Amino acid sequence: MAALPKKRPQEVTLILGKLKRHFGKTLENASMEHIYQACALCVRDEIMDRWINARNKVDKEGKKMVLYMSAEFLIGRALVNNMINLEIFDKYKAALDYMGVDIHQVEQEENDAALGNGGLGRLAACFLDSLSTLNLPAMGCGIRYEHGLFRQRILDGSQVEMEDNWIETGDVWEVENPEEEVEIHFGGEIHEVWTEKGLKIEHYNYSSVLAVPYDMPIVGYNTKMPAALRLWSARAKNNLDMTFFNRGDYTRAMEERELAEVISKVLYPEDNHEAGRQLRLKQFYFFTSATMQSMVRRHKNLYGDLHTLPEYVEVQINDTHPTLAIPELMRILMDEEGFGWEEAYDVVRRMFNYTNHTIMSEALECWPKDMFRLLLPRIYTIIDTLNEKYCARLWQAFPGDFEKISSLSIIAYNEIRMANLCVAVCKKVNGVSQIHGDILKTSLFRDNYVMDPEKFIAITNGITHRRWLAKANPPLTKLIEKHIGKGFLTDYKQFDKLEALLDNPEFMEGFIAAKEENKRRLAGYVMEKQGIEINPHAIFDVQAKRLHEYKRQLLKVLHILYLYNKITADPASFTQPVVFFFAAKASPGYVRAKNIIRLINAVADLVNNDPKTKDILKVVFIENYNVSAAEILIPATDFSEQLSTAGKEASGTGNMKFMMNGAVTIGTMDGANVEICERVGRENMFIFGATVEEINQMQRFNSYRPGEYYEKDAELRDVLNKLIDGSLPGVNERQFADLYHSLIFGDYEKADQYYLLHDFRSYINAFNRAVKAYQHPEEWYRMAAYNTARSGIFSSDRTIREYNDRIWHLEPLKG
Ligand code: 26W
């Protein structure tokens, strides 16, 4: 055992004090969870003063702020991240060492706050970190789901979903604010009443739900201005309905409460697919109404006059989920504050901005008109009027073009289209990478772009390098700090300084050592969690992201089967050990995605157990991919697999995390891969596959014939046949017939919608080039380190600066 530090660190006293006062424990009888709670309480104390001061300052100085509205915030764990950002990690580590406690064990006691599905929610979390680090006044606004994204287990090769209970350990970070609760109204009828002041809308017979805010501090690096994440929780107005209770109808007496509280019970686990369910609409109205009411209340308290709202608040809508904030603010201003339509609209149109995150048609949010009207009658009439006025404008722009006008209108074919509402009203509409911004202009919002060209912009996503480098990759961070200092943590441009170090042998040795250490850490994790042994000297090839057909995990599987066939036929044909990691959750209702998980595990069974391949190929499916697993997986990666069909991945942010951690990308020219390529050059990346233009061509001329690839390419045929010929262990022969058919048969438009067979050869080629490069360590690590050196621009600090310069125009809070 290492010698104990002589002097007892001050933090020991703090932690022991918390243990005693909060849990009545001493170190001897405290559990690891108690110690986690005690540390979290100490860290929380360090945050609170700054937080309160900063908020008071914003109010006193009358600073403009941004409300970042999002149905999802994928925060992950907070303890160690907060310690790093407060620059107290080393002290706490020393204190825990002194107490004989491993800080990493303490860390693991915390559940991930997984209040999001994937990219969109994680982006929101990175943005809050950057907003706070840049000292820009900001509040994230969302829903306090009691249960976040399900936990995933793999049983007999299949995904099984289990309940997530993040609040058990997450609630140390929250502050409940019951005095700020607001009331939300659903259903009922509306009547127009003439009063001496004119027409007034009255709402009757609605049912009420209370929204209670829980605020969580988001601590940026060395921040003066911690951001707040305000999450709304639903509560019944009356705990028990006494009229029913007194009649002895106890079930009925409880009903109202249950109906109310179900609203914030659980996060919908669908990513990039919208099913139009009523409860989801309730969730969205619930948090948008609560946010708008509390914004209006605060503004009235601080400034009195609601006409000045746009001078003090910018609202950013994270995809369309928070769109109802727009008609809700109209409602409040008109029905509660006595504004006229034009007066209210003039406030609203100057406040809202919309970020689009997907062009997948099945993800575009449309609500059945009748369901909507029943649940939100007043909001419906407001949207109806917005639509009428918008259509009048469209008529001016496209006179007589009924088809165009109906495609752009907010309400059509008995549906309400949220993206169209956003585009109609918002000040700015942005895509999340350059290529995605272009696609919005040329396809999804083509006609709107013609009408309002200045409205449409592209701001490439980013990731917070505090979590994704400083927190996730301690050895590389230490190395960087040693050579260029700590400045890069708040100034992403300093990443550029690393370029000069590629010729510095000491730096390069350190870089390699860091990668190796991270690979050993991942190997340990896989052993501990899943009992699988892996070779830390193999190439670590990783595809980690939600499971979706367009992301093409299936292409990777076909490739592994291809290698399997090759090696079993001729062991000399491929001798480089590779571990293929997959990490992915599938939406519980997405049958084909779940079957792809089943397939990955069947292929793992096959190649991991065949004596001819088991020392060369290993397939590992990492269970329960979440932020914490990503923090282990990404720093250990050599090959970053970014295989989406060109034109489908709006940006991707995983691609940036891998790059920053010194992985080299194998990818299509899609989303932010295009910009990664611009940064590192084609010689430091492995590009493959059809381009957006090529895919558009094939679609326009209906010329893609996947069956022809099957017929002409014997090796590809052998791979595909493996899906159905009984070679895969542990499954029925029919298990993957659907996947097989989906690639080869069906209408020309339907077969292989994502162009896997088209890109198959090109992918193999790219992979082989990458393996070759890997086999020259000096060049390889130079390439990997160059990727890190060029990744600064993908810091979300750069992204947030751009949002601020081009949309929000906030001033940072000064010390
Ligand atoms: C249930 C409906 C639904 C629809 C869309 C849920 C979630 C969505 C999101 C918009 C999907 C999403 O997360 N999109 C991803 O956003 C990331 C952040 O901008 C991008 O990097 C990803 O490319 C994009 O797929």
# chains A, B, ... in the order shown; residues from 1 in each chain; ligands from 1
$ residues_near_ligand --ligand "ligand 1" --cutoff "6 Å" --atoms "only C-alpha atoms and all ligand atoms" --output "list of chain:residue names"
A:Gly118, A:Gly119, A:Leu120, A:Leu123, A:Glu270, A:Asp271, A:Asn272, A:His273, A:Glu274, A:Asp319, A:His357, A:Thr358, A:Ala363, A:Val432, A:Glu649, A:Ala650, A:Ser651, A:Gly652, A:Thr653
$ write_last_selection --atoms "C-alpha atoms" --output "compact mmCIF listing (two decimals), in the first residue's frame"
# COMPACT_ATOMS: atom_id res chain seq x y z
CA GLY A 118 -29.35 9.67 -27.63
CA GLY A 119 -27.86 12.47 -29.70
CA LEU A 120 -30.47 15.15 -29.14
CA LEU A 123 -26.27 17.57 -27.13
CA GLU A 270 -38.26 6.13 -29.19
CA ASP A 271 -35.48 7.81 -31.03
CA ASN A 272 -36.11 9.17 -34.50
CA HIS A 273 -39.63 7.73 -34.60
CA GLU A 274 -42.79 9.48 -33.49
CA ASP A 319 -36.26 19.83 -32.21
CA HIS A 357 -32.14 17.38 -35.68
CA THR A 358 -33.44 14.94 -38.22
CA ALA A 363 -39.49 11.29 -36.90
CA VAL A 432 -26.77 20.72 -36.89
CA GLU A 649 -27.35 11.30 -39.96
CA ALA A 650 -27.99 14.96 -39.29
CA SER A 651 -24.65 15.40 -37.58
CA GLY A 652 -23.60 12.69 -35.20
CA THR A 653 -21.72 13.70 -32.07
$ residues_around --residues "Leu131 of chain A" --least-positions-apart "6" --cutoff "9 Å" --atoms "only C-alpha atoms" --output "ChimeraX atom specification"
/A:137-138,220,225-227,796-797,800-801
$ atom_distance --atom1 "atom CA of Leu136 of chain A" --atom2 "atom CA of Pro213 of chain A"
21.5 Å
$ closest_residue --among "A:Glu72, A:Glu11, A:Asp725, A:Glu192" --to "Tyr92 of chain A" --atoms "only C-alpha atoms"
A:Glu11
$ closest_atom_pairs --of "segment 548-636 of chain A" --to "segment 140-152 of chain A" --cutoff "12 Å" --atoms "only C-alpha atoms" --output "JSON lines"
{"residue": "A:Ala583", "atom": "CA", "partner": "A:Gln152", "partner_atom": "CA", "distance": 10.5}
{"residue": "A:Ala584", "atom": "CA", "partner": "A:Gln152", "partner_atom": "CA", "distance": 9.2}
{"residue": "A:Lys585", "atom": "CA", "partner": "A:Gln152", "partner_atom": "CA", "distance": 7.0}
{"residue": "A:Ala586", "atom": "CA", "partner": "A:Gln152", "partner_atom": "CA", "distance": 9.1}
{"residue": "A:Ser587", "atom": "CA", "partner": "A:Phe150", "partner_atom": "CA", "distance": 9.5}
{"residue": "A:Pro588", "atom": "CA", "partner": "A:Phe150", "partner_atom": "CA", "distance": 9.2}
{"residue": "A:Lys594", "atom": "CA", "partner": "A:Gln152", "partner_atom": "CA", "distance": 11.6}
{"residue": "A:Ile597", "atom": "CA", "partner": "A:Gln152", "partner_atom": "CA", "distance": 11.5}
{"residue": "A:Phe621", "atom": "CA", "partner": "A:Gln152", "partner_atom": "CA", "distance": 11.4}
{"residue": "A:Ile622", "atom": "CA", "partner": "A:Gln152", "partner_atom": "CA", "distance": 9.8}
{"residue": "A:Glu623", "atom": "CA", "partner": "A:Gln152", "partner_atom": "CA", "distance": 6.3}
{"residue": "A:Asn624", "atom": "CA", "partner": "A:Gln152", "partner_atom": "CA", "distance": 4.5}
{"residue": "A:Tyr625", "atom": "CA", "partner": "A:Gln152", "partner_atom": "CA", "distance": 7.7}
{"residue": "A:Asn626", "atom": "CA", "partner": "A:Arg151", "partner_atom": "CA", "distance": 8.8}
{"residue": "A:Val627", "atom": "CA", "partner": "A:Leu149", "partner_atom": "CA", "distance": 11.4}
$ select_by_dssp --residues "segment 107-262 of chain A" --states "strand (DSSP E or B)" --output "ChimeraX atom specification"
/A:113-115,138-143,147,151-155,158-162,175-176,182-186,189-195,198-204,207-218,227-236
$ closest_atom_pairs --of "segment 537-564 of chain A" --to "segment 727-745 of chain A" --cutoff "12 Å" --atoms "only C-alpha atoms" --output "CSV"
residue,atom,partner,partner_atom,distance
A:Glu549,CA,A:Leu739,CA,10.4
A:Arg552,CA,A:Leu743,CA,11.8
A:Leu554,CA,A:Leu739,CA,8.9
A:Leu555,CA,A:Leu743,CA,10.6
A:Val557,CA,A:Leu739,CA,11.6
A:Leu558,CA,A:Tyr740,CA,10.8
A:Leu561,CA,A:Leu728,CA,10.3
A:Tyr564,CA,A:Ser727,CA,11.6
$ write_last_selection --atoms "N, CA and C atoms" --output "tab-separated table (two decimals), in the first residue's frame"
chain	number	residue	atom	x	y	z
A	549	GLU	N	-31.75	1.37	-38.36
A	549	GLU	CA	-31.34	0.84	-39.66
A	549	GLU	C	-30.44	1.80	-40.42
A	552	ARG	N	-26.77	1.67	-39.75
A	552	ARG	CA	-26.17	0.52	-40.43
A	552	ARG	C	-25.23	-0.33	-39.57
A	554	LEU	N	-26.00	-3.17	-39.24
A	554	LEU	CA	-26.08	-4.40	-40.04
A	554	LEU	C	-24.95	-4.48	-41.08
A	555	LEU	N	-24.52	-3.34	-41.58
A	555	LEU	CA	-23.40	-3.36	-42.53
A	555	LEU	C	-22.14	-3.90	-41.84
A	557	VAL	N	-22.09	-5.94	-39.33
A	557	VAL	CA	-22.29	-7.38	-39.13
A	557	VAL	C	-21.95	-8.14	-40.42
A	558	LEU	N	-22.41	-7.62	-41.54
A	558	LEU	CA	-22.10	-8.30	-42.81
A	558	LEU	C	-20.58	-8.36	-43.00
A	561	LEU	N	-19.09	-11.11	-40.87
A	561	LEU	CA	-19.35	-12.43	-41.48
A	561	LEU	C	-18.43	-12.65	-42.68
A	564	TYR	N	-15.19	-13.63	-41.33
A	564	TYR	CA	-15.30	-15.00	-40.82
A	564	TYR	C	-15.17	-16.00	-41.97
$ residues_around --residues "Asn420 of chain A" --least-positions-apart "2" --cutoff "9 Å" --atoms "only C-alpha atoms" --output "PyMOL selection string"
chain A and resi 408-411+416-418+422-425+445
